$ cat run11.tsv   # TSV, C-alpha atoms and all ligand atoms
chain	number	residue	atom	x	y	z
A	1	MET	CA	62.40	98.27	144.46
A	2	GLU	CA	64.71	96.48	142.01
A	3	MET	CA	63.54	98.90	139.33
A	4	PHE	CA	65.73	101.63	140.85
A	5	ALA	CA	68.86	99.54	141.22
A	6	SER	CA	69.17	98.95	137.51
A	7	ALA	CA	67.96	102.40	136.48
A	8	SER	CA	70.17	104.38	134.22
A	9	PHE	CA	69.23	108.03	134.16
A	10	ASP	CA	70.42	108.48	130.58
A	11	LYS	CA	68.18	105.74	129.20
A	12	THR	CA	65.34	105.87	131.74
A	13	PRO	CA	64.69	109.29	133.18
A	14	VAL	CA	64.00	108.16	136.72
A	15	MET	CA	62.78	110.81	139.11
A	16	ILE	CA	61.46	110.26	142.62
A	17	ASP	CA	59.39	113.08	144.08
A	18	VAL	CA	59.98	112.85	147.84
A	19	HIS	CA	57.38	115.41	148.93
A	20	THR	CA	53.77	114.79	147.86
A	21	HIS	CA	50.51	114.57	149.79
A	22	ILE	CA	47.58	112.20	149.51
A	23	ILE	CA	44.29	111.70	151.36
A	24	PRO	CA	41.56	109.03	151.20
A	25	LYS	CA	38.52	110.08	149.15
A	26	HIS	CA	36.19	109.35	152.04
A	27	ILE	CA	37.00	110.00	155.69
A	28	PRO	CA	34.81	108.81	158.58
A	29	ASP	CA	33.22	111.53	160.72
A	30	PHE	CA	35.73	111.28	163.56
A	31	SER	CA	34.31	114.35	165.37
A	32	LYS	CA	30.97	112.60	165.62
A	33	LYS	CA	32.55	109.30	166.57
A	34	PHE	CA	34.80	110.74	169.29
A	35	GLY	CA	32.31	113.40	170.40
A	36	TYR	CA	34.61	116.44	170.17
A	37	GLY	CA	37.06	118.42	168.05
A	38	GLU	CA	37.32	119.58	164.48
A	39	PHE	CA	38.70	116.52	162.71
A	40	ILE	CA	38.97	117.13	158.98
A	41	GLN	CA	36.00	116.08	156.85
A	42	LEU	CA	35.80	116.01	153.05
A	43	HIS	CA	32.80	117.63	151.41
A	44	HIS	CA	32.67	116.57	147.73
A	45	HIS	CA	30.80	119.54	146.33
A	46	GLU	CA	31.27	118.91	142.61
A	47	PRO	CA	32.81	116.14	140.48
A	48	GLY	CA	36.57	116.02	141.06
A	49	LYS	CA	36.53	118.71	143.76
A	50	ALA	CA	36.18	118.61	147.52
A	51	TRP	CA	36.39	121.02	150.41
A	52	MET	CA	38.49	119.97	153.36
A	53	MET	CA	36.25	121.09	156.22
A	54	GLN	CA	37.57	121.86	159.70
A	55	GLY	CA	34.30	121.96	161.63
A	56	ASN	CA	32.26	124.54	159.74
A	57	LYS	CA	35.36	126.27	158.31
A	58	LYS	CA	36.61	125.67	154.77
A	59	PHE	CA	40.26	124.73	155.24
A	60	ARG	CA	41.24	124.10	151.61
A	61	GLU	CA	39.70	123.02	148.32
A	62	ILE	CA	41.35	119.96	146.85
A	63	LEU	CA	41.09	118.25	143.48
A	64	ALA	CA	40.79	114.60	142.55
A	65	ASN	CA	44.58	114.28	142.13
A	66	CYS	CA	44.74	114.57	145.91
A	67	TRP	CA	42.92	111.22	146.38
A	68	ASP	CA	42.86	109.37	143.05
A	69	PRO	CA	46.04	107.36	142.33
A	70	GLU	CA	45.06	106.86	138.67
A	71	ILE	CA	44.97	110.62	138.05
A	72	ARG	CA	48.25	110.98	139.91
A	73	LEU	CA	49.86	108.35	137.68
A	74	MET	CA	48.69	110.20	134.58
A	75	GLU	CA	50.11	113.49	135.84
A	76	MET	CA	53.35	111.82	136.94
A	77	LYS	CA	53.80	110.47	133.42
A	78	GLU	CA	53.18	113.94	132.01
A	79	HIS	CA	55.73	115.47	134.40
A	80	GLY	CA	58.37	112.75	134.10
A	81	ILE	CA	58.02	111.60	137.72
A	82	SER	CA	58.52	107.84	138.05
A	83	SER	CA	57.70	107.52	141.76
A	84	GLN	CA	56.07	109.65	144.41
A	85	VAL	CA	56.77	109.47	148.11
A	86	ILE	CA	53.24	109.87	149.49
A	87	CYS	CA	52.22	111.07	152.94
A	88	THR	CA	49.19	112.69	154.52
A	89	ILE	CA	48.37	116.42	154.59
A	90	PRO	CA	49.84	117.94	157.79
A	91	VAL	CA	46.47	119.24	159.02
A	92	MET	CA	45.61	115.54	159.44
A	93	PHE	CA	48.37	115.06	162.09
A	94	SER	CA	45.76	115.94	164.75
A	95	TYR	CA	48.33	115.90	167.58
A	96	TRP	CA	45.86	118.08	169.55
A	97	ALA	CA	43.40	115.19	170.01
A	98	LYS	CA	43.37	112.47	172.66
A	99	PRO	CA	46.26	110.15	171.79
A	100	GLU	CA	44.09	107.07	171.27
A	101	HIS	CA	41.94	109.02	168.82
A	102	THR	CA	44.94	110.37	166.89
A	103	LEU	CA	46.14	106.77	166.78
A	104	GLU	CA	42.88	105.58	165.27
A	105	LEU	CA	42.94	108.35	162.66
A	106	SER	CA	46.63	107.64	161.92
A	107	LYS	CA	45.90	103.94	161.39
A	108	PHE	CA	43.13	104.80	158.96
A	109	LEU	CA	45.45	107.10	156.97
A	110	ASN	CA	48.43	104.73	157.12
A	111	ASP	CA	46.38	101.75	155.95
A	112	HIS	CA	45.17	103.77	152.97
A	113	ILE	CA	48.76	104.70	152.05
A	114	ALA	CA	49.97	101.11	152.50
A	115	GLU	CA	47.19	99.86	150.25
A	116	ILE	CA	48.18	102.24	147.44
A	117	VAL	CA	51.86	101.36	147.84
A	118	HIS	CA	51.05	97.67	147.38
A	119	GLN	CA	48.50	98.13	144.63
A	120	TYR	CA	50.81	100.27	142.46
A	121	HIS	CA	54.09	98.56	143.12
A	122	GLY	CA	57.06	100.91	142.67
A	123	SER	CA	55.03	103.99	141.68
A	124	PHE	CA	54.38	105.06	145.25
A	125	ILE	CA	56.54	104.92	148.37
A	126	GLY	CA	54.73	105.47	151.66
A	127	LEU	CA	55.39	107.55	154.76
A	128	GLY	CA	53.09	107.17	157.77
A	129	THR	CA	51.80	109.53	160.43
A	130	VAL	CA	51.83	108.77	164.17
A	131	PRO	CA	50.45	110.32	167.38
A	132	MET	CA	53.57	112.27	168.36
A	133	GLN	CA	51.87	113.64	171.50
A	134	ASP	CA	52.20	110.12	172.98
A	135	VAL	CA	55.59	108.65	172.12
A	136	PRO	CA	54.88	105.03	173.21
A	137	LEU	CA	51.79	104.98	170.96
A	138	ALA	CA	53.76	106.67	168.16
A	139	VAL	CA	56.43	103.97	168.38
A	140	LYS	CA	53.81	101.21	168.29
A	141	GLU	CA	52.20	102.66	165.18
A	142	MET	CA	55.65	103.15	163.61
A	143	GLU	CA	56.27	99.41	163.99
A	144	ARG	CA	52.94	98.67	162.29
A	145	CYS	CA	53.80	101.09	159.45
A	146	LYS	CA	57.13	99.34	159.01
A	147	LYS	CA	55.43	95.95	158.87
A	148	ASN	CA	52.99	97.25	156.26
A	149	GLY	CA	55.77	98.32	153.93
A	150	LEU	CA	56.05	102.06	154.65
A	151	LYS	CA	59.59	103.44	154.46
A	152	GLY	CA	59.36	106.22	157.01
A	153	LEU	CA	57.19	108.77	158.78
A	154	GLN	CA	56.19	112.36	158.32
A	155	ILE	CA	56.13	114.48	161.49
A	156	GLY	CA	55.39	118.14	162.22
A	157	THR	CA	57.97	120.85	162.90
A	158	ASN	CA	56.55	121.04	166.41
A	159	VAL	CA	54.22	118.84	168.43
A	160	ASN	CA	51.61	121.07	170.07
A	161	GLN	CA	54.35	123.72	170.29
A	162	VAL	CA	56.83	121.32	171.91
A	163	ASN	CA	60.10	121.49	169.97
A	164	LEU	CA	61.76	118.44	168.43
A	165	ASN	CA	64.86	118.60	170.70
A	166	GLU	CA	62.88	117.65	173.83
A	167	PRO	CA	63.94	114.45	175.65
A	168	VAL	CA	60.34	113.25	175.47
A	169	PHE	CA	61.07	112.39	171.81
A	170	TYR	CA	64.29	110.40	172.44
A	171	ASP	CA	62.51	107.04	172.42
A	172	PHE	CA	60.83	107.99	169.17
A	173	TYR	CA	64.16	108.80	167.47
A	174	GLU	CA	65.71	105.67	168.94
A	175	ALA	CA	62.88	103.61	167.42
A	176	CYS	CA	63.29	105.34	164.04
A	177	GLN	CA	66.92	104.20	164.05
A	178	GLU	CA	66.09	100.67	165.13
A	179	GLN	CA	63.20	100.32	162.69
A	180	ASP	CA	65.21	101.91	159.87
A	181	MET	CA	62.50	104.51	159.23
A	182	ALA	CA	63.28	107.77	157.41
A	183	LEU	CA	61.77	111.02	158.72
A	184	LEU	CA	60.22	113.87	156.75
A	185	VAL	CA	59.84	116.97	158.93
A	186	HIS	CA	57.02	119.11	157.53
A	187	PRO	CA	55.82	122.56	158.69
A	188	TRP	CA	52.42	122.87	160.32
A	189	GLN	CA	50.74	125.00	163.02
A	190	MET	CA	52.91	127.88	161.91
A	191	MET	CA	54.24	130.06	164.70
A	192	GLY	CA	52.63	133.48	164.91
A	193	GLN	CA	49.88	132.64	162.43
A	194	GLU	CA	47.23	134.21	164.65
A	195	HIS	CA	49.02	137.56	164.20
A	196	MET	CA	49.43	137.41	160.42
A	197	GLN	CA	46.32	136.00	158.82
A	198	LYS	CA	46.36	138.45	155.91
A	199	TYR	CA	48.40	137.95	152.69
A	200	TRP	CA	48.77	134.16	153.23
A	201	LEU	CA	51.65	135.01	155.60
A	202	PRO	CA	51.46	131.78	157.61
A	203	TRP	CA	52.42	129.97	154.40
A	204	LEU	CA	54.87	132.52	153.01
A	205	VAL	CA	56.60	133.63	156.21
A	206	GLY	CA	55.61	131.08	158.85
A	207	MET	CA	56.47	127.90	156.96
A	208	PRO	CA	60.16	128.66	156.25
A	209	ALA	CA	60.50	129.87	159.86
A	210	GLU	CA	58.86	126.70	161.22
A	211	ILE	CA	61.35	124.52	159.38
A	212	THR	CA	64.26	126.61	160.67
A	213	ARG	CA	62.83	126.20	164.16
A	214	ALA	CA	62.81	122.42	163.73
A	215	ILE	CA	66.37	122.23	162.34
A	216	CYS	CA	67.82	124.55	165.00
A	217	SER	CA	65.98	122.71	167.79
A	218	MET	CA	67.35	119.36	166.63
A	219	ILE	CA	70.90	120.68	166.17
A	220	PHE	CA	71.11	122.64	169.44
A	221	GLY	CA	69.42	119.80	171.30
A	222	GLY	CA	72.12	117.41	170.08
A	223	ILE	CA	69.63	115.08	168.36
A	224	PHE	CA	71.95	114.34	165.41
A	225	ASP	CA	74.79	113.36	167.81
A	226	ARG	CA	72.63	111.28	170.09
A	227	PHE	CA	70.98	109.48	167.15
A	228	PRO	CA	73.64	109.44	164.41
A	229	LYS	CA	71.78	106.91	162.26
A	230	LEU	CA	68.65	109.06	162.03
A	231	ARG	CA	67.83	109.96	158.40
A	232	VAL	CA	65.93	113.23	158.40
A	233	CYS	CA	64.67	115.30	155.46
A	234	PHE	CA	63.38	118.81	156.07
A	235	ALA	CA	60.76	120.06	153.62
A	236	HIS	CA	61.02	123.15	151.41
A	237	GLY	CA	64.81	123.20	151.15
A	238	GLY	CA	65.14	123.47	154.92
A	239	GLY	CA	63.18	126.75	154.96
A	240	SER	CA	65.26	129.76	155.94
A	241	PHE	CA	67.87	127.69	157.80
A	242	VAL	CA	70.67	127.65	155.22
A	243	PRO	CA	70.25	131.26	154.04
A	244	THR	CA	70.37	132.49	157.66
A	245	LEU	CA	73.00	130.06	158.92
A	246	GLY	CA	75.62	132.85	159.10
A	247	ARG	CA	73.50	134.61	161.70
A	248	ILE	CA	72.73	131.38	163.55
A	249	GLU	CA	76.44	130.49	163.67
A	250	HIS	CA	77.32	134.00	164.81
A	251	GLY	CA	74.77	133.70	167.62
A	252	TRP	CA	76.37	130.42	168.67
A	253	GLU	CA	79.80	132.15	168.74
A	254	CYS	CA	78.84	135.35	170.54
A	255	ARG	CA	76.28	134.00	173.03
A	256	PRO	CA	77.17	130.38	173.78
A	257	ASP	CA	75.55	130.95	177.19
A	258	LEU	CA	72.19	131.12	175.36
A	259	VAL	CA	72.78	128.94	172.31
A	260	ALA	CA	75.30	126.21	173.15
A	261	VAL	CA	73.73	125.13	176.42
A	262	ASP	CA	73.01	121.55	175.34
A	263	ASN	CA	75.45	121.04	172.47
A	264	PRO	CA	78.93	122.59	172.15
A	265	ASN	CA	79.25	121.94	168.40
A	266	ASN	CA	79.12	124.61	165.70
A	267	PRO	CA	75.70	124.47	163.95
A	268	ALA	CA	77.48	124.76	160.59
A	269	SER	CA	79.15	121.40	161.27
A	270	TYR	CA	75.75	119.72	160.74
A	271	LEU	CA	75.55	120.67	157.09
A	272	GLY	CA	75.53	117.40	155.17
A	273	LYS	CA	74.05	115.42	158.06
A	274	PHE	CA	70.44	115.80	156.92
A	275	TRP	CA	68.53	115.96	153.64
A	276	VAL	CA	66.27	118.68	152.21
A	277	ASP	CA	63.89	118.71	149.27
A	278	SER	CA	64.31	120.93	146.22
A	279	HIS	CA	61.12	122.93	146.64
A	280	VAL	CA	62.60	126.43	146.83
A	281	CYS	CA	61.13	127.90	143.60
A	282	ASP	CA	64.47	129.50	142.62
A	283	SER	CA	67.38	128.11	140.57
A	284	GLU	CA	70.06	130.16	142.32
A	285	ILE	CA	68.87	129.12	145.78
A	286	LEU	CA	68.73	125.49	144.66
A	287	ASN	CA	72.34	125.60	143.48
A	288	TYR	CA	73.33	127.48	146.64
A	289	LEU	CA	71.82	124.67	148.74
A	290	VAL	CA	73.76	122.09	146.74
A	291	GLY	CA	76.96	124.02	147.52
A	292	LYS	CA	76.19	124.30	151.22
A	293	LEU	CA	74.59	120.93	152.01
A	294	GLY	CA	76.45	118.81	149.49
A	295	ALA	CA	75.44	117.02	146.28
A	296	ASP	CA	74.16	114.02	148.26
A	297	LYS	CA	71.63	115.84	150.37
A	298	ILE	CA	69.16	117.54	147.98
A	299	MET	CA	66.23	115.56	146.60
A	300	GLN	CA	63.48	116.32	144.13
A	301	GLY	CA	60.42	117.40	146.15
A	302	SER	CA	57.40	119.29	144.83
A	303	ASP	CA	54.65	119.48	147.48
A	304	TYR	CA	52.31	118.07	144.79
A	305	PRO	CA	49.36	118.50	144.32
A	306	PHE	CA	48.99	121.90	145.99
A	307	PRO	CA	49.06	125.34	144.33
A	308	LEU	CA	52.07	126.49	146.36
A	309	GLY	CA	53.92	123.34	145.25
A	310	GLU	CA	55.77	122.98	141.96
A	311	ALA	CA	53.26	123.28	139.08
A	312	VAL	CA	55.34	120.83	137.03
A	313	PRO	CA	57.14	118.61	139.54
A	314	GLY	CA	60.79	118.15	138.56
A	315	GLU	CA	60.94	121.23	136.36
A	316	LEU	CA	63.10	123.38	138.65
A	317	VAL	CA	65.67	120.63	139.14
A	318	ARG	CA	65.80	119.77	135.43
A	319	LYS	CA	66.27	123.39	134.36
A	320	SER	CA	68.67	124.37	137.18
A	321	ILE	CA	71.08	121.44	137.31
A	322	SER	CA	73.20	120.95	134.21
A	323	ASP	CA	75.73	118.42	135.55
A	324	LYS	CA	74.44	114.92	134.69
A	325	THR	CA	75.94	113.18	137.72
A	326	LEU	CA	74.46	115.77	140.06
A	327	LEU	CA	71.09	115.63	138.31
A	328	LYS	CA	70.99	111.86	138.81
A	329	LYS	CA	71.67	112.29	142.51
A	330	ILE	CA	68.95	114.90	143.01
A	331	ALA	CA	66.51	113.07	140.74
A	332	TYR	CA	66.59	109.76	142.60
A	333	GLU	CA	69.90	108.50	144.03
A	334	ASN	CA	69.73	110.69	147.14
A	335	ALA	CA	66.10	109.70	147.72
A	336	LEU	CA	67.08	106.01	147.66
A	337	ALA	CA	69.78	106.72	150.25
A	338	TRP	CA	67.41	108.74	152.49
A	339	LEU	CA	64.76	105.99	152.33
A	340	ASN	CA	67.39	103.25	152.48
A	341	ILE	CA	66.04	101.49	149.40
A	342	ASN	CA	68.57	99.41	147.47
B	401	ZN	ZN	53.94	119.57	151.85
$ encode --input "run11.tsv" --output "structure tokens" --more "lines below"
Ligand SMILES: [Zn+2]
Amino acid sequence: MEMFASASFDKTPVMIDVHTHIIPKHIPDFSKKFGYGEFIQLHHHEPGKAWMMQGNKKFREILANCWDPEIRLMEMKEHGISSQVICTIPVMFSYWAKPEHTLELSKFLNDHIAEIVHQYHGSFIGLGTVPMQDVPLAVKEMERCKKNGLKGLQIGTNVNQVNLNEPVFYDFYEACQEQDMALLVHPWQMMGQEHMQKYWLPWLVGMPAEITRAICSMIFGGIFDRFPKLRVCFAHGGGSFVPTLGRIEHGWECRPDLVAVDNPNNPASYLGKFWVDSHVCDSEILNYLVGKLGADKIMQGSDYPFPLGEAVPGELVRKSISDKTLLKKIAYENALAWLNIN
């Protein structure tokens, strides 16, 4: 990654997009192979378009930029993105399956990502996925990801509704520290989605809440104190955590018997101890996050290539941040620190 070390933002507009998703063009029929479950299948119904199928249900239509690195490179050039951090689509986590089957699926996805990282040196940086429902297996696959050149892992905001503070995950966090693997925490299985199917509410209301759930669980569970070298990025600007921190802090003050049962520290004291991406769709909120979390903790992230992601990755940051030093940090310096790439 020498290309980043010598990069000068003024001469070379370097921008790393830390939040993008990718999937292999062809996925084996894991439901058939394992004999159960609704593992995602791709149905290529017309050139450049495929349905992600969950059993017989259409989960989402995706375009060729979701699987074709050449098309991605073309679009990155158009958008002024020099590198993408690539990871799978959260519905692929499949934590609900038998651990050995999630492991097999994870290996398939991780090998695909590693291959692209190696083939297009410097243009893509990889994050793996692991069977979080079985921590020893997750740690084993993390080690393999590390060996294959991935820089971190993407995990869900909950693991089959188990929150990220639980001691069952301690060995996983410990291994992340030891293996020097960054973590991207991404919303999935949004809480309450069964009660709010209309109006796309799981995505509009559930996702920001899911991320807040993950951040609060990790703070109140003392994860950042127990594992101080953990480098965690929360997607979508940390969801509703920062805008509602006043309330969260007030809760910690007025009902410590409910809130501060595992960690006596003020939740506000954790600002600056984790990273978030810039995908908040609002200039004022983006600048507000910079003020609250610090100039070193916001990174360009677009959720490319999905419709709810940034249509032109990098646009919000470029139009919202006028200070050159700060722009450089958000564009790529903070990403290099989060991923520990020199
Ligand atoms: Zn995403």
$ residues_near_ligand --input "run11.tsv" --ligand "ligand ZN 401 (chain B)" --cutoff "12 Å" --atoms "all atoms listed in the file" --output "PyMOL selection string"
chain A and resi 17-22+85-92+154-157+184-188+203+207-208+211+234-237+277-279+301-310
$ residues_near_point --input "run11.tsv" --point "(59.4, 110.0, 174.1)" --cutoff "12 Å" --atoms "all atoms listed in the file" --output "list of chain:residue names"
A:Pro131, A:Met132, A:Gln133, A:Asp134, A:Val135, A:Pro136, A:Leu137, A:Ala138, A:Val139, A:Lys140, A:Val159, A:Val162, A:Leu164, A:Asn165, A:Glu166, A:Pro167, A:Val168, A:Phe169, A:Tyr170, A:Asp171, A:Phe172, A:Tyr173, A:Glu174, A:Ala175, A:Cys176
$ closest_residue --input "run11.tsv" --among "A:Ser240, A:Asn148, A:Gln189, A:Ser217" --to "Ile116 (chain A)" --atoms "all atoms listed in the file"
A:Asn148
$ closest_residue --input "run11.tsv" --among "A:Phe241, A:Phe34, A:Phe274, A:Tyr120" --to "Ile223 (chain A)" --atoms "only C-alpha atoms"
A:Phe274
$ closest_residue --input "run11.tsv" --among "A:Leu109, A:Ile81, A:Leu339, A:Ala50" --to "Ser123 (chain A)" --atoms "only C-alpha atoms"
A:Ile81
$ atom_distance --input "run11.tsv" --atom1 "CA of His121 (chain A)" --atom2 "CA of Pro24 (chain A)"
18.2 Å
$ atom_distance --input "run11.tsv" --atom1 "CA of Lys297 (chain A)" --atom2 "CA of Trp275 (chain A)"
4.5 Å
$ atom_distance --input "run11.tsv" --atom1 "CA of Gln54 (chain A)" --atom2 "CA of Phe30 (chain A)"
11.4 Å
$ residues_near_point --input "run11.tsv" --point "(53.0, 107.0, 152.3)" --cutoff "6 Å" --atoms "only C-alpha atoms" --output "list of chain:residue names"
A:Ile86, A:Cys87, A:Ile113, A:Ile125, A:Gly126, A:Leu127, A:Gly128
$ residues_around --input "run11.tsv" --residues "His26 (chain A)" --least-positions-apart "4" --cutoff "10 Å" --atoms "all atoms listed in the file" --output "CSV table (one decimal) with C-alpha atoms, keeping the file's coordinate frame"
chain,number,residue,atom,x,y,z
A,41,GLN,CA,36.0,116.1,156.8
A,42,LEU,CA,35.8,116.0,153.0
A,43,HIS,CA,32.8,117.6,151.4
A,44,HIS,CA,32.7,116.6,147.7
A,67,TRP,CA,42.9,111.2,146.4
$ closest_residue --input "run11.tsv" --among "A:Thr212, A:Glu178, A:Cys254, A:Glu194" --to "Asn158 (chain A)" --atoms "all atoms listed in the file"
A:Thr212
$ closest_residue --input "run11.tsv" --among "A:Ala295, A:Leu286, A:Ala214, A:Val259" --to "Gly272 (chain A)" --atoms "all atoms listed in the file"
A:Ala295
$ residues_around --input "run11.tsv" --residues "Leu103 (chain A)" --least-positions-apart "3" --cutoff "9 Å" --atoms "all atoms listed in the file" --output "short mmCIF file (atom, residue, chain, number, x, y, z; two decimals) with C-alpha atoms, in the frame of the given file"
data_model
loop_
_atom_site.label_atom_id
_atom_site.label_comp_id
_atom_site.auth_asym_id
_atom_site.auth_seq_id
_atom_site.Cartn_x
_atom_site.Cartn_y
_atom_site.Cartn_z
CA LYS A 98 43.37 112.47 172.66
CA PRO A 99 46.26 110.15 171.79
CA GLU A 100 44.09 107.07 171.27
CA SER A 106 46.63 107.64 161.92
CA LYS A 107 45.90 103.94 161.39
CA PHE A 108 43.13 104.80 158.96
CA THR A 129 51.80 109.53 160.43
CA VAL A 130 51.83 108.77 164.17
CA PRO A 131 50.45 110.32 167.38
CA LEU A 137 51.79 104.98 170.96
CA ALA A 138 53.76 106.67 168.16
CA GLU A 141 52.20 102.66 165.18
#
$ build_atoms --input "run11.tsv" --residues "region 62-73 of chain A" --atoms "N, CA and C atoms" --output "compact mmCIF listing (two decimals), keeping the file's coordinate frame"
# COMPACT_ATOMS: atom_id res chain seq x y z
N ILE A 62 40.41 120.88 147.50
CA ILE A 62 41.35 119.96 146.85
C ILE A 62 40.70 119.34 145.62
N LEU A 63 41.57 118.85 144.73
CA LEU A 63 41.09 118.25 143.48
C LEU A 63 41.31 116.74 143.54
N ALA A 64 40.76 116.06 142.54
CA ALA A 64 40.79 114.60 142.55
C ALA A 64 42.21 114.03 142.58
N ASN A 65 43.20 114.81 142.09
CA ASN A 65 44.58 114.28 142.13
C ASN A 65 45.10 114.17 143.56
N CYS A 66 44.35 114.70 144.51
CA CYS A 66 44.74 114.57 145.91
C CYS A 66 44.35 113.19 146.46
N TRP A 67 43.34 112.53 145.84
CA TRP A 67 42.92 111.22 146.38
C TRP A 67 42.95 110.08 145.36
N ASP A 68 43.00 110.42 144.06
CA ASP A 68 42.86 109.37 143.05
C ASP A 68 44.22 108.97 142.46
N PRO A 69 44.70 107.76 142.80
CA PRO A 69 46.04 107.36 142.33
C PRO A 69 46.13 107.27 140.80
N GLU A 70 45.01 106.96 140.13
CA GLU A 70 45.06 106.86 138.67
C GLU A 70 45.34 108.23 138.04
N ILE A 71 44.71 109.26 138.56
CA ILE A 71 44.97 110.62 138.05
C ILE A 71 46.40 111.03 138.37
N ARG A 72 46.86 110.67 139.54
CA ARG A 72 48.25 110.98 139.91
C ARG A 72 49.22 110.34 138.92
N LEU A 73 48.96 109.06 138.61
CA LEU A 73 49.86 108.35 137.68
C LEU A 73 49.91 109.03 136.32
